[in-house]
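Undergrad: If you scroll down you'll find the structure; I have some questions about it.
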Amino acid sequence: MSLITGLLYAALAAYLGGWYLGHWHGNFSLLLFILTVVTLAYWLAEKFKFRPDREAAAAQLVAQDQARRVSLATQGIGDVDGNIGIARDRLLMQPWWLDWTAGLFPVICAVFLMRSFLFEPFKIPSGSMMPTLVVGDLILVNKFHYGIRLPVINQKIIDNNEPQRGDVVVFRYPVNPSMDYIKRVVGLPGDTIAYVNKRLTVNGQPVELETGAEYYDADSMRYTQQYSEKLGEVKHNILIDRDRPPFVPPQSIEDFPMKENCSYSGEGMVCKVPAGHYFAMGDNRDNSLDSRYWGFVPDRNLVGKAFVIWMNFSDVKRIGFFH
């Protein structure tokens, strides 16, 4: 069993190493599920097989020692050397391969359940959601806000709230579901979304927009005009670069499902959101690869609602809730 466990850890190290080096995309939910199942198997084997065997061996050792002492006592030998306490403790000791499998099961199981049904941490990798979220923000996502889903397959089994305009959501990227994206919900099923000349309208109504202070992006070392936008009940800030053209470059548009619901022009685009789907955009409007490029977000792809920055090691003042 020690050899098998060693091989399992070697395979895990190789998988994580390749993932870290970018040789392949990992599926952390699937990995955590497999680790939970494997450590559960070891935990059950420890509870019903290995530990009873060790306890039986330790009990046999104690019984043999007692029998030996009784036998010597009948011969008039009462002072018997030797203490089997150390040997007994060693027999009862859990081997390393059980300590690093069965011993980890409660922790891994707790993390798996919490991550699958309650909250999941994410790290913001790009500036597409500036100024709301910046590179390096560590956020938490509420996994049950939009309903309870089975882990790994992401199948909804219990309904809860429906996504609303203005929600910041994490979802599986429709083009490559092994990747997670984070954007803001702009359009709900049935909505007609237009982004023309850098002005957003929902069902023919222009979204409330107010000019704010310029925003300084430390990474690009340049200023961008900041605006306050109100989607539904959510008021948030966005960035618009007036020096960038308003249209979506044709070569950047994916051949996405129900593309016929959208029309593109030199001034922007208009889309009719199909049933069971959402239209999502980044707050950094001219630096966001979003629904304008790759289409609609299916409901089945939703992971959860982002709601708090729990850490940013470069700027701890960013910790807190956001809209």
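Lettering and numbering for the structure tokens are positional, with chains as A, B, ... in the shown order, residues counted from 1 in each chain, and ligands counted from 1 in the shown order.
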Which residues are near Ile34 of chain A? Cut-off 12 Å, only C-alpha atoms, ignore same chain within fewer than 3 positions. Put them as a PyMOL selection string.

TA: chain A and resi 8+12+27-31+37-41+105+108-109+112+151-152

Undergrad: Skipping near chain neighbours, those fewer than 3 positions away, what residues fall within 6 Å of segment 191-197 of chain A using only C-alpha atoms, listed as a list in words?

TA: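 Counting only C-alpha atoms, the residues come to Gly187, Leu188, Leu200, Thr201, Val202, Asn203, Pro246, Glu267, Gly268, Met269, Val270, Cys271, Lys272 and Val273 of chain A.
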
Undergrad: Have a look at A:Val316, A:Leu16, A:Val248, A:Ala56 and name the one nearest to Gly266 of chain A; count only C-alpha atoms.

TA: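 Among the listed residues, the smallest separation from Gly266 of chain A belongs to A:Val248.
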
Undergrad: Out of A:Glu46, A:Thr132, A:Phe307, A:Tyr264, which residue has the shortest atom-to-atom distance to Glu120 of chain A when counting only C-alpha atoms?

TA: A:Phe307

Undergrad: For Met281 of chain A, which residue among A:Pro121, A:Pro257, A:Gly147, A:Gly166 is the nearest when counting only C-alpha atoms?

TA: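 Distance minimum relative to Met281 of chain A lands on A:Gly166.
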
Undergrad: Near Ile86 of chain A, counting only C-alpha atoms, which residues have an atom at most 12 Å away, once you skip same-chain residues fewer than 5 positions from it, shown as an mmCIF file with N, CA and C atoms, in the first residue's frame?

TA:
data_model
loop_
_atom_site.group_PDB
_atom_site.id
_atom_site.type_symbol
_atom_site.label_atom_id
_atom_site.label_comp_id
_atom_site.auth_asym_id
_atom_site.auth_seq_id
_atom_site.Cartn_x
_atom_site.Cartn_y
_atom_site.Cartn_z
ATOM 1 N N ALA A 58 -1.719 -5.514 18.652
ATOM 2 C CA ALA A 58 -1.269 -4.956 19.926
ATOM 3 C C ALA A 58 -1.864 -5.736 21.093
ATOM 4 N N LEU A 61 -0.036 -8.982 21.469
ATOM 5 C CA LEU A 61 1.267 -8.769 22.105
ATOM 6 C C LEU A 61 1.121 -8.641 23.610
ATOM 7 N N VAL A 62 0.113 -7.863 24.062
ATOM 8 C CA VAL A 62 -0.114 -7.689 25.504
ATOM 9 C C VAL A 62 -0.496 -9.029 26.137
ATOM 10 N N LEU A 91 3.064 -0.664 17.257
ATOM 11 C CA LEU A 91 2.081 -1.462 16.522
ATOM 12 C C LEU A 91 0.817 -0.665 16.229
ATOM 13 N N LEU A 92 0.446 0.213 17.151
ATOM 14 C CA LEU A 92 -0.768 1.008 16.991
ATOM 15 C C LEU A 92 -0.558 2.245 16.112
ATOM 16 N N MET A 93 0.719 2.603 15.895
ATOM 17 C CA MET A 93 1.022 3.819 15.147
ATOM 18 C C MET A 93 0.549 3.698 13.700
#

Undergrad: Please return, as an MDAnalysis selection string, all residues of segment 143-301 of chain A that DSSP assigns to helix (DSSP H, G or I) on the basis of the backbone.

TA: chainID A and resid 250:252 259:261 291:294 299:301

Undergrad: Might you pull out every residue within 9 Å of segment 317-323 of chain A, with only C-alpha atoms counted and same-chain residues fewer than 4 positions away left off, and present them as a PyMOL selection string?

TA: chain A and resi 132-133+137-138+166-168+234-236+306-312

Undergrad: If we count only C-alpha atoms, what is near Val186 of chain A at a cut-off of 6 Å, once residues fewer than 2 positions away on the same chain are taken out, given as a PyMOL selection string?

TA: chain A and resi 165+279-280

Undergrad: Expressed in Å to a single decimal, how great is the separation between atom CA of Ile158 of chain A and atom CA of Arg300 of chain A?

TA: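 Rounded to one decimal, the two atoms are 12.6 Å apart.
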
Undergrad: Of the candidates A:Leu98, A:Ala67, A:Leu104, A:Ala13, which one gets nearest to Arg51 of chain A if we count only C-alpha atoms?

TA: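 Under the stated criterion, the closest residue is A:Leu98.
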